[in-house]
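I have placed the structure first, in the form of structure tokens, so that the comments after it can refer back to it.
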Amino acid sequence: MTHTILKKTKIATSLSLILGSGLLFPVHAQDAKDDVEVIQVTGIRGSVQESMGIKRDSAGVVDAISAVDIGKFPDTNLAESLQRITGISISRNNGEGNQVTARGFGPDFNMVTLNGRTMPGSALPGGGGAPNSRAFDFSDLASESVRAVEVYKTGRASIATGGIGASINIRTSRPFDAAETGFTASVGAKALTDTTNRVGDDVTPEVSGMINFVSDDETFGFTFTGSFQQRDSASQGAFVNQWRVNPFDGSIPQSPDPSNPDSGDPVVLNNAPAMGQLFAIPSDLRYFMADRERERTNAQLTFQYAPSDNMVATLDYTYSKQDLFEARAEQSIWMDDRYFTELTFDDETVKTPIHITQERRDLLPRDLGLAMQELNQVNENKSIGLNIEYFVNDDLTLEFDFHNSSAEGRPDAPYGTWTNLGLGANVVRGQGADFSGDFPIMLVDYDDVARGNLNPNGVLDQDDVGTSILDMNYSLQDTEITQARLDGSYAMDSGSINFGIESRSMESTSLQSLTRHTMGNWGIENPGELPAGILTPLDLAKEFSDFNTTGIFSQGFTGSVAELGAFAASEYGFNLVADNPFATNRTIKEDITAVYFEFDLDGELNGMPYNLLTGVRYENTDVTSIANISLPSGIAWEGNNDFNVRFGSDMEDVSVDSSYDHILPALDFDIEVAENMIARFSYSKTIARPTYNNLSAAATVSPPSGPTLLTGGATATASSGNPALVPLESDNLDLSFEYYFDETSYVSLGFYDKRVKNFIGNEQVEENIFGLRDATAGPRAQAAAAELERLGIPLSDTTLFNMVAAMENGVDYDSMTDEQFEAAYDVLPNADDPLMTFINSKPVNNRAANIYGFELAAQHFFGESGFGVMGNYTTVTGDIGFDNNADPSVTQFALVGLSDTANLILMYEKEGIQARIAYNWRDKFLDTTSQYVNEPGYTEAYSQIDFSVSYDFSEDLTVSLEGINITEENARRHGRTSAMLWRLDELGARYAVGVRYKF
């Protein structure tokens, strides 16, 4: 631990801004003239002390993680650090934290800022599909250039809207943060190893560096930080695509009919469900093996210029890029209902078969599904900003901030972001599955003789394999934010008046297409067609080291999508390019104007010091939703109850505008009821905007089931987004008590309550779509009905259509032949027909919920022993959960992401040694209500242990060792019961040995 004494010059003023209670507010000008002693404490204890100081001195409920030393943030990943904060939990991708949930609210409902600036998100969905998320991916940013991360759990009028759970500010290093003038620099290197790695490098590099310069007169400075990391890893697991859940009616759906001998033998049901009881049947069982490569590049360049004591200008540019590649192989069996021979169910309330047997009653083997998949993706973020602080006089400070930031996720291969090349081998005479243990066992009765394979030998080899389909998914999301703010602070004897105005424009474009080519026939007609050696045999049983795989059918393959795709393109005559028209081509624009006003007051109440921060924010948002689609030109009536939606030949932009505004009050009050004992009360109203897919202007229409004149109402259906959606609104209440009993020690207990309305659910709304008209309800249909009545002909959909067609084409009804009736006398709508009414399934703001819980935290260093401990526990409770026994045909609304969390961190720092070991736990939580149609998905409870240790050989040279998930915990998801496996991921540990040198 070192101490540095310095005058509070421009550098110290910058430090004051960092360490002070304002955090996002400019420091008062008179502070720059005071000779104040600033004590800087480095290392773990210094980081903990600074974070505690932010928590204690801030208005409202604020937690932070700080890095006093450049390049020594507590974790190599920002999300991994954030999970140590009370109320914060994370989601993981490939075993690494990437997105944050705050007090039960997922990534789309938290606001992430960089140096107080709203950051765009760009999150492409794995496995293809349209990108929809607003969420920021923390894995894009390395931690080396991060000075601190602040988590604002209570609303504040001066903070940009968008975070109901929390607003998270990432603060990077700036030149005037340095404690001394001149050049300072550091360089670091790490050797990374991932225990899951299979085919990549067992040791990969990470390098980082920092250069900081401050002129002797402290008027100019610049900081450059940069880092590059390569990580090679692998993952293997099992999953089920779909569980079909139904009430039991005495038989298995689509199974052979016991009353019909020709349908096959009845299914043997052991421990069968009771009549009416829900039961689940899996559609398949799949194993996967994925090899992954990631390269992450980060850089930031910051200039600061202080031409006088009254002004500081900061210009900064931040860049990050991730190059992601994954080569994945799958092996699967499909469990068609008609082949079940025996099912043994468990004793859960929703019965699940734990033993499944199927046989091919037609005696011909069916296919074993094999797939080679590939991810090729680039995530790129850029941000440039200008900040000017101007101390007008001793009382008034103005701050102007402008930035333009973009985030893009895009394909990195001509054949798309996610590519699936299907292979098959018709070698399965019988199959089954055992779901009774932690790991599902795939059983296969192998037969490569009956299909006439090239070299039948009783072993799955390349001669048994043929092609099927090739899917090339193209996904792109490009989001850009331009934001300008003018903030002011007027100092008074007992506080300040803060005010500001903000303009923010956001534009996010999402593109998605699927290009599909049909090749062979799952190995039925073309076994052995692949070039020799293009597939590599794989023994899956050896890959699952954490589980008992006795009985598993483990013969599989890996292969290159590029090589296989090139062969298939040549063989079947297509281009290996994802070039189909976009199924999703959507742009969402938001123009936000906001003003705020705050009173920041301090004083004493009956001898007890207090602070009051109260304010209000007014915000107006204009939304434009643009969808580029092929517009329906009309719905043709082609027969009695036959209709066809016809489309124009060109793509057109459909644009819908909407707007909303909000008045958002906030109040934070804290009082020191006794020495070092602080009680807090906070109230605020916050909002979180809908995801982009819900705001889409696109709609899909389906034709009616019959003429409206006969049905008496709307039967045509549609599905769409809803650009008129408004944000979720939350009334937030926080109560907390904190006791600071030493310079690095405290305990706190808090209660929070969030009353949220405008959650989004689906609703069927009767409305017109795209101005389409209804030929079956217009004057022609009415005239035809009247003519049929005059002729005494019974009215039906057939006679009505024939009469309209006859009248439309000038043909006498009585003389029309059957051939003429069946001819193309299509009836097309015209301007005289009324608008068609559709039953449109669309997202609407129709749900409300209450989320509440407690947060308990403690932190303490034991004197001069060097030992310290941190711990916290958070409860998250919601009043709307998922009913696992409910009718599966009914769509349920439930709160997702709610779970208790806990952390325990043991620390040691003394005589150059710094060490910490951290335990993180998150309880089971509902992660989706629509895993497949109306089925829930639960992420099971997960815990992880990480550690880091470093030794300072000198003030300049430090070596370190760190480990992530050192007990190699695995991740698992399930459905209505734990037996209904959705996904199992076998994960591993990561270690890094590093060295850092400061100049």
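In the structure tokens, chains take letters A, B, ... by order of appearance, with residues numbered from 1 within each chain and ligands from 1 in the order shown.
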
| query | Skipping near chain neighbours, those fewer than 6 positions away, what residues fall within 8 Å of A:Leu895 using only C-alpha atoms, listed as a list of chain:residue names? | reply |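 Once the adjacent positions are removed, what remains is A:Ala849, A:Gly878, A:Ile880, A:Gly881, A:Phe882, A:Leu926.
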
Once you have the residues from the selection above, write them out as a short mmCIF file (atom, residue, chain, number, x, y, z; two decimals), in the first residue's frame, restricted to C-alpha atoms.
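Generated file (again14.cif):
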```cif
data_model
loop_
_atom_site.label_atom_id
_atom_site.label_comp_id
_atom_site.auth_asym_id
_atom_site.auth_seq_id
_atom_site.Cartn_x
_atom_site.Cartn_y
_atom_site.Cartn_z
CA ALA A 849 -46.30 -7.01 -11.96
CA GLY A 878 -42.20 -11.55 -8.15
CA ILE A 880 -46.46 -13.61 -11.27
CA GLY A 881 -44.86 -16.99 -11.91
CA PHE A 882 -45.32 -19.75 -14.43
CA LEU A 926 -37.40 -18.96 -15.26
#
```

| request: Can you list, as a PyMOL selection string, all residues belonging to stretch 781-895 of chain A that DSSP tags as alpha helix (DSSP H)? | output: chain A and resi 781-791+797-808+818-822

Serialized selection, C-alpha atoms, as a tab-separated table (two decimals), in the first residue's frame:
```tsv
chain	number	residue	atom	x	y	z
A	781	ALA	CA	-71.14	-10.34	-52.93
A	782	GLN	CA	-74.34	-8.73	-51.65
A	783	ALA	CA	-75.76	-8.47	-55.16
A	784	ALA	CA	-74.90	-12.12	-55.80
A	785	ALA	CA	-76.59	-13.19	-52.57
A	786	ALA	CA	-79.72	-11.24	-53.56
A	787	GLU	CA	-79.72	-12.83	-57.03
A	788	LEU	CA	-79.39	-16.33	-55.54
A	789	GLU	CA	-82.32	-15.60	-53.23
A	790	ARG	CA	-84.37	-14.37	-56.22
A	791	LEU	CA	-83.57	-17.56	-58.13
A	797	ASP	CA	-69.90	-20.52	-50.17
A	798	THR	CA	-69.91	-22.42	-53.49
A	799	THR	CA	-73.09	-20.84	-54.93
A	800	LEU	CA	-72.06	-17.39	-53.70
A	801	PHE	CA	-68.63	-17.58	-55.34
A	802	ASN	CA	-70.04	-18.98	-58.59
A	803	MET	CA	-72.62	-16.23	-58.79
A	804	VAL	CA	-70.09	-13.47	-58.11
A	805	ALA	CA	-67.72	-15.00	-60.69
A	806	ALA	CA	-70.51	-15.25	-63.25
A	807	MET	CA	-71.67	-11.67	-62.72
A	808	GLU	CA	-68.07	-10.40	-62.65
A	818	ASP	CA	-68.57	-27.17	-64.34
A	819	GLU	CA	-65.42	-26.47	-66.33
A	820	GLN	CA	-66.23	-22.76	-66.37
A	821	PHE	CA	-66.87	-22.74	-62.65
A	822	GLU	CA	-63.54	-24.41	-62.09
```

Write out as JSON lines a residue-level contact list of stretch 377-397 of chain A versus stretch 297-318 of chain A with cut-off 6 Å: for each qualifying residue the closest pair of atoms and the distance in Å to one decimal, counting only C-alpha atoms, rows sorted by chain and residue number upward.
```
{"residue": "A:Lys382", "atom": "CA", "partner": "A:Thr318", "partner_atom": "CA", "distance": 5.8}
{"residue": "A:Ser383", "atom": "CA", "partner": "A:Thr318", "partner_atom": "CA", "distance": 5.1}
{"residue": "A:Ile384", "atom": "CA", "partner": "A:Tyr317", "partner_atom": "CA", "distance": 4.4}
{"residue": "A:Gly385", "atom": "CA", "partner": "A:Asp316", "partner_atom": "CA", "distance": 5.5}
{"residue": "A:Leu386", "atom": "CA", "partner": "A:Leu315", "partner_atom": "CA", "distance": 4.6}
{"residue": "A:Asn387", "atom": "CA", "partner": "A:Thr314", "partner_atom": "CA", "distance": 5.0}
{"residue": "A:Ile388", "atom": "CA", "partner": "A:Ala313", "partner_atom": "CA", "distance": 4.3}
{"residue": "A:Glu389", "atom": "CA", "partner": "A:Val312", "partner_atom": "CA", "distance": 5.2}
{"residue": "A:Tyr390", "atom": "CA", "partner": "A:Met311", "partner_atom": "CA", "distance": 4.5}
{"residue": "A:Phe391", "atom": "CA", "partner": "A:Asn310", "partner_atom": "CA", "distance": 4.7}
```

Dump as a tab-separated table (two decimals), in the first residue's frame, selection limited to C-alpha atoms:
```tsv
chain	number	residue	atom	x	y	z
A	382	LYS	CA	-17.04	2.56	-32.09
A	383	SER	CA	-17.56	5.66	-30.00
A	384	ILE	CA	-16.20	9.18	-30.36
A	385	GLY	CA	-17.07	11.91	-27.92
A	386	LEU	CA	-16.27	15.47	-26.87
A	387	ASN	CA	-16.74	16.80	-23.34
A	388	ILE	CA	-16.18	20.39	-22.26
A	389	GLU	CA	-16.36	21.48	-18.62
A	390	TYR	CA	-16.51	25.22	-18.07
A	391	PHE	CA	-16.33	26.74	-14.61
```

| field | Shell of 10 Å around A:Ala724, only C-alpha atoms, local chain residues under 6 positions omitted, as number ranges by chain | value | A: 623-625, 656-660, 694-697, 843-845

| query | How many Å separate atom CA of A:Ser503 from atom CA of A:Lys589? | reply |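 About the pair atom CA of A:Ser503 and atom CA of A:Lys589: they are 13.5 Å apart.
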
| request: Would you list the contacts of A:Phe544 as a list of chain:residue names, taking every protein, DNA or RNA residue within 8 Å and counting only C-alpha atoms, but skipping same-chain residues closer than 2 positions in sequence? | output: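 Selected residues are A:Gln236, A:Gly237, A:Leu540, A:Ala541, A:Lys542, A:Asp546, A:Phe547, A:Thr549, A:Glu986.
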
Take the residues just selected and output them with C-alpha atoms as a PDB file, in the first residue's frame.
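That gives us part08.pdb:
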```pdb
ATOM      1  CA  GLN A 236     -20.033 -30.192 -25.551  1.00  0.00           C
ATOM      2  CA  GLY A 237     -23.495 -31.040 -24.386  1.00  0.00           C
ATOM      3  CA  LEU A 540     -18.576 -38.704 -28.158  1.00  0.00           C
ATOM      4  CA  ALA A 541     -18.362 -40.904 -25.060  1.00  0.00           C
ATOM      5  CA  LYS A 542     -14.797 -39.756 -24.513  1.00  0.00           C
ATOM      6  CA  ASP A 546     -18.108 -35.307 -16.210  1.00  0.00           C
ATOM      7  CA  PHE A 547     -20.926 -37.802 -16.769  1.00  0.00           C
ATOM      8  CA  THR A 549     -22.124 -42.299 -20.581  1.00  0.00           C
ATOM      9  CA  GLU A 986     -20.275 -29.328 -19.974  1.00  0.00           C
TER      10      GLU A 986
END
```

| said: If we count only C-alpha atoms and set the cut-off at 7 Å, which residues sit around stretch 145-151 of chain A, ignoring sequence neighbours fewer than 2 positions away in its own chain? Please answer as a ChimeraX atom specification. | reply: /A:62-67,70-71,143,153,166-173,225

| message | So that I can see what lies close to A:Ala718, please list as a ChimeraX atom specification the residues with an atom at most 10 Å from it, counting only C-alpha atoms and leaving out residues fewer than 6 positions away in the same chain. | response | /A:699-703,764-769,837-842

Take the residues just selected and output them with C-alpha atoms as a JSON list (two decimals), in the first residue's frame.
```
[["chain", "number", "residue", "atom", "x", "y", "z"],
["A", 699, "ALA", "CA", -47.20, -7.88, -40.56],
["A", 700, "THR", "CA", -47.93, -11.34, -41.97],
["A", 701, "VAL", "CA", -51.46, -11.98, -43.20],
["A", 702, "SER", "CA", -53.31, -15.23, -43.82],
["A", 703, "PRO", "CA", -56.49, -15.56, -45.91],
["A", 764, "GLN", "CA", -55.83, -10.66, -30.63],
["A", 765, "VAL", "CA", -57.06, -7.37, -32.07],
["A", 766, "GLU", "CA", -59.61, -7.00, -34.87],
["A", 767, "GLU", "CA", -58.22, -4.47, -37.34],
["A", 768, "ASN", "CA", -57.40, -3.88, -40.96],
["A", 769, "ILE", "CA", -53.91, -4.64, -42.28],
["A", 837, "THR", "CA", -60.99, -7.16, -40.82],
["A", 838, "PHE", "CA", -58.20, -9.40, -39.57],
["A", 839, "ILE", "CA", -57.83, -11.08, -36.20],
["A", 840, "ASN", "CA", -54.33, -9.77, -35.61],
["A", 841, "SER", "CA", -52.11, -11.30, -32.94],
["A", 842, "LYS", "CA", -49.92, -8.40, -31.84]]
```

| message | Using Å and a single decimal, report how far atom CA of A:Ser560 sits from atom CA of A:Pro527. | response |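 So the two atoms, atom CA of A:Pro527 and atom CA of A:Ser560, lie 18.6 Å apart.
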
| query | So which one's closest to A:Ser684, A:Leu564, A:Val616, A:Val869, A:Leu710? Using only C-alpha atoms, please. | reply | A:Val616

| said: Taking 5 positions as the minimum chain separation for residues in the same chain, which residues sit within 10 Å of A:Asn676 when counting only C-alpha atoms? Answer as a list of chain:residue names. | reply: A:Arg56, A:Glu738, A:Tyr739, A:Tyr740, A:Phe741, A:Asp742, A:Tyr746

| request: Kindly indicate which residue among A:Arg92, A:Arg617, A:Arg976, A:Arg134 lies nearest to A:Pro690, using only C-alpha atoms for the distances. | output: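 Distance minimum relative to A:Pro690 lands on A:Arg134.
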
| query | When DSSP works through the backbone of this structure, what residues of stretch 762-907 of chain A end up as strand (DSSP E or B), shown as a ChimeraX atom specification? | reply | /A:762-767,773,827,835,838-861,867-874,877-878,901-907

Export, as a CSV table (one decimal), in the first residue's frame, the selected residues with N, CA and C atoms.
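What follows is the written file part_17.csv:
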```csv
chain,number,residue,atom,x,y,z
A,762,ASN,N,-49.3,-10.7,-25.7
A,762,ASN,CA,-49.9,-10.8,-27.0
A,762,ASN,C,-51.4,-10.8,-26.8
A,763,GLU,N,-52.0,-10.1,-27.8
A,763,GLU,CA,-53.5,-10.0,-27.7
A,763,GLU,C,-54.0,-10.0,-29.2
A,764,GLN,N,-55.2,-10.6,-29.3
A,764,GLN,CA,-55.8,-10.7,-30.6
A,764,GLN,C,-56.7,-9.4,-30.8
A,765,VAL,N,-56.4,-8.6,-31.8
A,765,VAL,CA,-57.1,-7.4,-32.1
A,765,VAL,C,-57.7,-7.4,-33.4
A,766,GLU,N,-59.0,-7.1,-33.6
A,766,GLU,CA,-59.6,-7.0,-34.9
A,766,GLU,C,-59.3,-5.7,-35.5
A,767,GLU,N,-58.6,-5.7,-36.6
A,767,GLU,CA,-58.2,-4.5,-37.3
A,767,GLU,C,-57.9,-4.8,-38.8
A,773,ARG,N,-58.7,-5.2,-48.9
A,773,ARG,CA,-60.2,-5.1,-48.9
A,773,ARG,C,-60.8,-6.5,-49.1
A,827,VAL,N,-62.0,-13.8,-58.2
A,827,VAL,CA,-62.6,-12.5,-57.8
A,827,VAL,C,-61.6,-11.7,-57.0
A,835,LEU,N,-63.0,-2.6,-46.2
A,835,LEU,CA,-61.7,-3.0,-45.7
A,835,LEU,C,-61.9,-4.3,-45.0
A,838,PHE,N,-59.0,-8.3,-40.0
A,838,PHE,CA,-58.2,-9.4,-39.6
A,838,PHE,C,-58.2,-9.6,-38.1
A,839,ILE,N,-58.1,-10.8,-37.6
A,839,ILE,CA,-57.8,-11.1,-36.2
A,839,ILE,C,-56.3,-11.1,-36.0
A,840,ASN,N,-55.8,-10.0,-35.6
A,840,ASN,CA,-54.3,-9.8,-35.6
A,840,ASN,C,-53.8,-10.1,-34.2
A,841,SER,N,-52.8,-11.0,-34.2
A,841,SER,CA,-52.1,-11.3,-32.9
A,841,SER,C,-50.9,-10.3,-32.9
A,842,LYS,N,-50.9,-9.4,-31.9
A,842,LYS,CA,-49.9,-8.4,-31.8
A,842,LYS,C,-49.5,-8.1,-30.4
A,843,PRO,N,-48.3,-7.7,-30.2
A,843,PRO,CA,-47.9,-7.3,-28.8
A,843,PRO,C,-48.6,-6.1,-28.3
A,844,VAL,N,-49.1,-6.1,-27.1
A,844,VAL,CA,-49.7,-4.9,-26.5
A,844,VAL,C,-49.2,-4.8,-25.1
A,845,ASN,N,-49.4,-3.6,-24.6
A,845,ASN,CA,-49.0,-3.3,-23.2
A,845,ASN,C,-50.3,-3.6,-22.3
A,846,ASN,N,-50.3,-4.8,-21.8
A,846,ASN,CA,-51.5,-5.2,-21.0
A,846,ASN,C,-51.1,-6.0,-19.7
A,847,ARG,N,-49.9,-5.9,-19.2
A,847,ARG,CA,-49.6,-6.6,-18.0
A,847,ARG,C,-48.9,-5.7,-17.0
A,848,ALA,N,-49.1,-6.1,-15.7
A,848,ALA,CA,-48.5,-5.4,-14.6
A,848,ALA,C,-47.9,-6.4,-13.6
A,849,ALA,N,-46.9,-6.1,-12.9
A,849,ALA,CA,-46.3,-7.0,-12.0
A,849,ALA,C,-45.6,-6.2,-10.9
A,850,ASN,N,-45.3,-6.9,-9.8
A,850,ASN,CA,-44.6,-6.4,-8.7
A,850,ASN,C,-43.4,-7.2,-8.4
A,851,ILE,N,-42.2,-6.6,-8.3
A,851,ILE,CA,-40.9,-7.3,-8.0
A,851,ILE,C,-40.4,-6.6,-6.8
A,852,TYR,N,-39.9,-7.4,-5.8
A,852,TYR,CA,-39.4,-6.8,-4.5
A,852,TYR,C,-38.4,-7.8,-4.0
A,853,GLY,N,-37.6,-7.3,-3.0
A,853,GLY,CA,-36.6,-8.2,-2.4
A,853,GLY,C,-35.8,-7.4,-1.4
A,854,PHE,N,-34.8,-8.2,-0.8
A,854,PHE,CA,-33.9,-7.6,0.2
A,854,PHE,C,-32.5,-7.8,-0.3
A,855,GLU,N,-31.6,-6.9,0.1
A,855,GLU,CA,-30.2,-6.9,-0.2
A,855,GLU,C,-29.4,-6.8,1.1
A,856,LEU,N,-28.6,-7.8,1.4
A,856,LEU,CA,-27.7,-7.7,2.6
A,856,LEU,C,-26.3,-7.8,2.1
A,857,ALA,N,-25.4,-6.9,2.6
A,857,ALA,CA,-24.0,-6.9,2.2
A,857,ALA,C,-23.2,-6.5,3.4
A,858,ALA,N,-21.9,-7.1,3.4
A,858,ALA,CA,-21.0,-6.8,4.4
A,858,ALA,C,-19.6,-6.8,3.8
A,859,GLN,N,-18.7,-6.1,4.4
A,859,GLN,CA,-17.3,-6.0,4.0
A,859,GLN,C,-16.4,-5.6,5.2
A,860,HIS,N,-15.2,-6.3,5.3
A,860,HIS,CA,-14.4,-6.0,6.4
A,860,HIS,C,-13.0,-6.5,6.2
A,861,PHE,N,-12.0,-5.6,6.5
A,861,PHE,CA,-10.6,-6.0,6.6
A,861,PHE,C,-10.2,-6.1,8.1
A,867,PHE,N,-6.0,-9.7,5.8
A,867,PHE,CA,-7.1,-10.5,5.4
A,867,PHE,C,-8.4,-9.7,5.4
A,868,GLY,N,-9.2,-9.9,4.4
A,868,GLY,CA,-10.5,-9.2,4.3
A,868,GLY,C,-11.6,-10.2,3.8
A,869,VAL,N,-12.8,-9.8,3.9
A,869,VAL,CA,-13.9,-10.6,3.5
A,869,VAL,C,-15.0,-9.6,3.0
A,870,MET,N,-15.7,-10.1,1.9
A,870,MET,CA,-16.8,-9.4,1.3
A,870,MET,C,-17.9,-10.4,1.1
A,871,GLY,N,-19.2,-10.1,1.4
A,871,GLY,CA,-20.2,-11.0,1.1
A,871,GLY,C,-21.5,-10.3,0.9
A,872,ASN,N,-22.4,-10.9,0.1
A,872,ASN,CA,-23.8,-10.3,0.0
A,872,ASN,C,-24.8,-11.4,-0.4
A,873,TYR,N,-26.0,-11.0,-0.2
A,873,TYR,CA,-27.1,-11.9,-0.5
A,873,TYR,C,-28.3,-11.1,-1.0
A,874,THR,N,-28.9,-11.5,-2.1
A,874,THR,CA,-30.0,-10.7,-2.6
A,874,THR,C,-31.2,-11.7,-2.9
A,877,THR,N,-38.2,-11.5,-5.6
A,877,THR,CA,-39.5,-12.1,-5.6
A,877,THR,C,-40.4,-11.4,-6.5
A,878,GLY,N,-41.2,-12.1,-7.3
A,878,GLY,CA,-42.2,-11.6,-8.1
A,878,GLY,C,-43.6,-12.2,-7.9
A,901,THR,N,-29.4,-14.4,-5.3
A,901,THR,CA,-28.0,-14.5,-5.6
A,901,THR,C,-27.2,-14.3,-4.4
A,902,ALA,N,-26.0,-14.8,-4.4
A,902,ALA,CA,-25.1,-14.6,-3.2
A,902,ALA,C,-23.7,-14.6,-3.7
A,903,ASN,N,-22.8,-13.9,-3.0
A,903,ASN,CA,-21.4,-13.8,-3.3
A,903,ASN,C,-20.6,-13.9,-2.0
A,904,LEU,N,-19.5,-14.5,-2.0
A,904,LEU,CA,-18.6,-14.5,-0.9
A,904,LEU,C,-17.1,-14.4,-1.4
A,905,ILE,N,-16.4,-13.3,-1.0
A,905,ILE,CA,-15.1,-13.1,-1.5
A,905,ILE,C,-14.1,-13.0,-0.3
A,906,LEU,N,-13.1,-13.8,-0.3
A,906,LEU,CA,-12.0,-13.7,0.7
A,906,LEU,C,-10.8,-13.1,0.0
A,907,MET,N,-10.2,-12.1,0.8
A,907,MET,CA,-9.1,-11.3,0.2
A,907,MET,C,-7.9,-11.3,1.1
```

Each residue of stretch 892-923 of chain A lying at most 7 Å from stretch 948-971 of chain A should get a row with its shortest atom-to-atom pair and the distance in Å to one decimal, counting only C-alpha atoms; could you produce that, ordered by chain and increasing number, as JSON lines?
```
{"residue": "A:Gly912", "atom": "CA", "partner": "A:Asp952", "partner_atom": "CA", "distance": 4.7}
{"residue": "A:Ile913", "atom": "CA", "partner": "A:Tyr951", "partner_atom": "CA", "distance": 4.6}
{"residue": "A:Gln914", "atom": "CA", "partner": "A:Ser950", "partner_atom": "CA", "distance": 5.2}
{"residue": "A:Ala915", "atom": "CA", "partner": "A:Val949", "partner_atom": "CA", "distance": 4.1}
{"residue": "A:Arg916", "atom": "CA", "partner": "A:Ser948", "partner_atom": "CA", "distance": 5.5}
{"residue": "A:Ile917", "atom": "CA", "partner": "A:Ser948", "partner_atom": "CA", "distance": 6.5}
```

Residues from last step as file, N, CA and C atoms, as an mmCIF file, in the first residue's frame:
```cif
data_model
loop_
_atom_site.group_PDB
_atom_site.id
_atom_site.type_symbol
_atom_site.label_atom_id
_atom_site.label_comp_id
_atom_site.auth_asym_id
_atom_site.auth_seq_id
_atom_site.Cartn_x
_atom_site.Cartn_y
_atom_site.Cartn_z
ATOM 1 N N GLY A 912 3.287 -7.141 -0.693
ATOM 2 C CA GLY A 912 3.371 -7.374 -2.134
ATOM 3 C C GLY A 912 2.490 -8.480 -2.661
ATOM 4 N N ILE A 913 1.850 -9.223 -1.774
ATOM 5 C CA ILE A 913 0.962 -10.310 -2.203
ATOM 6 C C ILE A 913 -0.477 -9.806 -2.197
ATOM 7 N N GLN A 914 -1.166 -10.015 -3.299
ATOM 8 C CA GLN A 914 -2.593 -9.720 -3.396
ATOM 9 C C GLN A 914 -3.299 -10.984 -3.870
ATOM 10 N N ALA A 915 -4.317 -11.371 -3.133
ATOM 11 C CA ALA A 915 -5.015 -12.611 -3.486
ATOM 12 C C ALA A 915 -6.486 -12.479 -3.154
ATOM 13 N N ARG A 916 -7.294 -13.117 -3.953
ATOM 14 C CA ARG A 916 -8.729 -13.172 -3.668
ATOM 15 C C ARG A 916 -9.301 -14.463 -4.243
ATOM 16 N N ILE A 917 -10.282 -14.981 -3.552
ATOM 17 C CA ILE A 917 -11.040 -16.128 -4.045
ATOM 18 C C ILE A 917 -12.509 -15.779 -3.905
#
```
